[in-house]
Amino acid sequence: MGPALRIMTLTAVLALTGCATTHPQDPFEKFNRAMFQFNDTVDQAAVKPAAQVYKTLPDFVQIGVGNFFGNLEDGWTAVNNLLQGKVADGLSDVMRFTFNSTFGLGGLLDIGSEAGLPKHKEDFGQTLGKWGVRSGPYVVLPILGSSTLRDVVVLPVDIEADPWHHLRPAHTRNIGSVVRAVDQRAAVLDASNLIEEAALDRYEFVRDAYLQRRQNKVYDGDPPSSAYEFDVGPSEASGNSAAGSAPGNAAVATNPEPVQGAVVEVEQNGAGATNAKVVEKESKQ
Amino acid sequence: MNVFKKLFAVAGFAFAGLAFAPAALAQEAPDALVKRISQEVLETAKTDKDIQAGNQKRVLELVEAKILPHVDFQRMTALAAGRFWREATPEQQKQLTNEFRTLLVYTYSGAISQVKDQKLEFKPMRADASDTEVEVRSQVLQPRGGDPIQLNYRLEKSPSGWKIYDVNVLGAWLVETYKGNFAAEISKGGIDGLIKALSDRNKRLAASAAKTAKS
């Protein structure tokens with residue numbers, strides 16, 4: 001169990017580097033930021049350029065690669081769906097895997113999706129989440145990126161369950177793993193460009209989005225909705241936002257509009273927040 | 001010639017939208033509203049040659065005309081600022097809202113320019129007729145297959161129709177995601193520091209958007 005040992009060591013390192021920070025779910029921020037920086041450097045130097053080249057390949061090649069490796073995951077997804085008690089999804093995954101592995105030429109073609117068997121993506125961390133295990137602190141892994149302590153601990157299980165991991169000779173396996181990584185990076189090229197524009201602090205932005213996204217996956221897209229801490233309710237300034245104040249105009253910053261709309265009554269959690277039920281968030285420790 | 005025709009068509013569309021918006025929208029249900037505007041935007045983004053060619057100014061115009069009237073940026077900004085919102089003066093609140101709106105418009109426009117063959121799918125809405133806050137759920141189906149992109153909206157009822165005040169992309173809410181960024185900037189340089197950080201970013205984005213509008 002090589003990976004298991006490595007991850008246990010990493011967990012120990014993490015435990016030691018813990019220090020006081022602002023985000024309750026990020027006690028390892030210092031370590032995480034360093035890892036984020038490291039990953040970013042590797043990405044800019046090698047992975048992103050490779051993904052950009054990969055993007056110039058014919059579509060059918062890219063789709064084939066994505067389908068092939070995606071198909072390898074579907075077996076494990078089926079197991080996890082069954083473990084989570086989602087029998088219908090689990091059986092659908094089994095059928096999907098069977099179809100695509102045979103008629104789909106070893107997974108190159110995703111005929112399952114066309115036959116109405118959509119892809120689900122489940123790993124063992126999600127299964128544990130469904131069973132009630134909390135995600136614990138945010139962890140940035142070298143190369144692999146964002147994760148949480150719960151998911152790091154069971155990562156060896158996910159790795160062992162990956163058929164590609166057992167492929168021999170190692171040479172072929174390694175080449176395949178690189179292609180797979182580049183394919184996955186290429187799939188999020190546009191998204192990562194967007195984040196570069198949108199985020200003031202990329203580390204925090206990625207962390208805060210990841211933790212929500214992961215929670216969302218555990219709940220299969222339907223997590224308990226969280227309430228806003230300080231809700232001012234709807235601002236009545238109707239039409240105000242429509243008037244020429246978008247970046248197309250030069251006068252954005254010094255927009256001489258009536259200030260009326262900006263005077264907001266602070267009615268905290270007033271009539272506004274009816275639909276958002278207060279449910280304790282997973283991050284609360 | 002064709003391009004001009006399209007331009008006029010889109011411009012006419014936009015004007016018609018602006019002129020009749022208040023009257024027509026008062027009765028429109030929240031899910032119908034989101035469906036209509038997103039389909040209109042998707043349709044235009046797919047067919048407009050300038051947008052497909054990467055002209056960001058055209059995208060900005062599209063977003064301004066179609067989407068901005070239906071967004072409560074002030075509440076969105078207030079929620080992202082959290083407890084600091086009350087500490088800000090009305091003038092700061094106004095500036096913050098403006099800068100945040102500009103940033104979001106830029107990033108949203110960036111996303112729209114990437115639209116090609118995506119399809120939208122709406123899920124049935126779970127809400128009472130008396131609700132003043134609702135969530136509209138949809139997903140974007142990718143032409144290449146793979147996981148669909150979850151896209152949800154929170155809307156509030158206002159005298160001038162339903163308004164969007166938070167968006168969920170791939171499981172992450174916009175407000176919640178920006179909260180940490182806002183708090184960090186405020187702890188460094190106060191509200192004014194945050195306003196400045198946003199406006200600096202916007203200036204950079206404006207410069208790169210200007211480059212794409214080669215005309």
# chains A, B, ... in the order shown; residues from 1 in each chain; ligands from 1

call {"tool": "select_by_dssp", "arguments": {"residues": "chain B", "states": "alpha helix (DSSP H)", "output": "ChimeraX atom specification"}}
result
/B:2-25,30-47,49-52,56-66,73-81,90-112,174-212

call {"tool": "interface_residues", "arguments": {"of": "chain B", "to": "chain A", "cutoff": "6 Å", "atoms": "only C-alpha atoms", "output": "number ranges by chain"}}
result
B: 68-69, 79, 82-83, 90, 94, 102, 107, 133, 171-172, 177

call {"tool": "select_by_dssp", "arguments": {"residues": "segment 56-166 of chain B", "states": "strand (DSSP E)", "output": "list in words"}}
result
Lys119, Leu120, Glu121, Phe122, Glu133, Val134, Glu135, Val136, Arg137, Ser138, Gln139, Val140, Leu141, Ile149, Gln150, Leu151, Asn152, Tyr153, Arg154, Leu155, Glu156, Lys157, Ser158, Gly161, Trp162, Lys163, Ile164, Tyr165 and Asp166 of chain B

call {"tool": "write_last_selection", "arguments": {"atoms": "C-alpha atoms", "output": "PDB file, in the first residue's frame"}}
result
ATOM      1  CA  LYS B 119     -28.450  23.206 -24.178  1.00  0.00           C
ATOM      2  CA  LEU B 120     -30.372  24.334 -21.127  1.00  0.00           C
ATOM      3  CA  GLU B 121     -32.567  22.073 -19.097  1.00  0.00           C
ATOM      4  CA  PHE B 122     -34.864  23.327 -16.309  1.00  0.00           C
ATOM      5  CA  GLU B 133     -38.088  33.966  -2.436  1.00  0.00           C
ATOM      6  CA  VAL B 134     -37.584  31.009  -4.730  1.00  0.00           C
ATOM      7  CA  GLU B 135     -34.847  28.875  -6.216  1.00  0.00           C
ATOM      8  CA  VAL B 136     -34.851  28.090  -9.922  1.00  0.00           C
ATOM      9  CA  ARG B 137     -32.770  25.108 -10.943  1.00  0.00           C
ATOM     10  CA  SER B 138     -31.330  24.361 -14.318  1.00  0.00           C
ATOM     11  CA  GLN B 139     -28.405  22.616 -15.894  1.00  0.00           C
ATOM     12  CA  VAL B 140     -26.318  23.159 -18.965  1.00  0.00           C
ATOM     13  CA  LEU B 141     -25.812  20.079 -21.106  1.00  0.00           C
ATOM     14  CA  ILE B 149     -23.158  21.988 -15.388  1.00  0.00           C
ATOM     15  CA  GLN B 150     -25.508  22.805 -12.566  1.00  0.00           C
ATOM     16  CA  LEU B 151     -26.853  26.360 -12.726  1.00  0.00           C
ATOM     17  CA  ASN B 152     -29.270  27.535 -10.046  1.00  0.00           C
ATOM     18  CA  TYR B 153     -30.680  30.968  -9.221  1.00  0.00           C
ATOM     19  CA  ARG B 154     -32.213  32.509  -6.132  1.00  0.00           C
ATOM     20  CA  LEU B 155     -34.839  35.092  -6.884  1.00  0.00           C
ATOM     21  CA  GLU B 156     -36.819  37.585  -4.834  1.00  0.00           C
ATOM     22  CA  LYS B 157     -40.142  39.162  -5.585  1.00  0.00           C
ATOM     23  CA  SER B 158     -40.005  42.904  -6.149  1.00  0.00           C
ATOM     24  CA  GLY B 161     -40.872  41.661 -11.183  1.00  0.00           C
ATOM     25  CA  TRP B 162     -38.666  38.868  -9.920  1.00  0.00           C
ATOM     26  CA  LYS B 163     -34.983  39.649  -9.411  1.00  0.00           C
ATOM     27  CA  ILE B 164     -32.005  37.333  -9.205  1.00  0.00           C
ATOM     28  CA  TYR B 165     -29.790  37.880  -6.177  1.00  0.00           C
ATOM     29  CA  ASP B 166     -27.588  34.782  -6.072  1.00  0.00           C
TER      30      ASP B 166
END

call {"tool": "atom_distance", "arguments": {"atom1": "atom CA of Asn39 of chain A", "atom2": "atom CA of Gly136 of chain A"}}
result
21.7 Å

call {"tool": "residues_around", "arguments": {"residues": "Asn202 of chain B", "least_positions_apart": "5", "cutoff": "10 Å", "atoms": "only C-alpha atoms", "output": "list in words"}}
result
Glu197, Ala198 and Pro247 of chain A; Glu99, Phe100, Arg101, Thr102, Leu103, Leu104, Val105, Tyr106, Lys196, Ala197, Ala207 and Ser208 of chain B
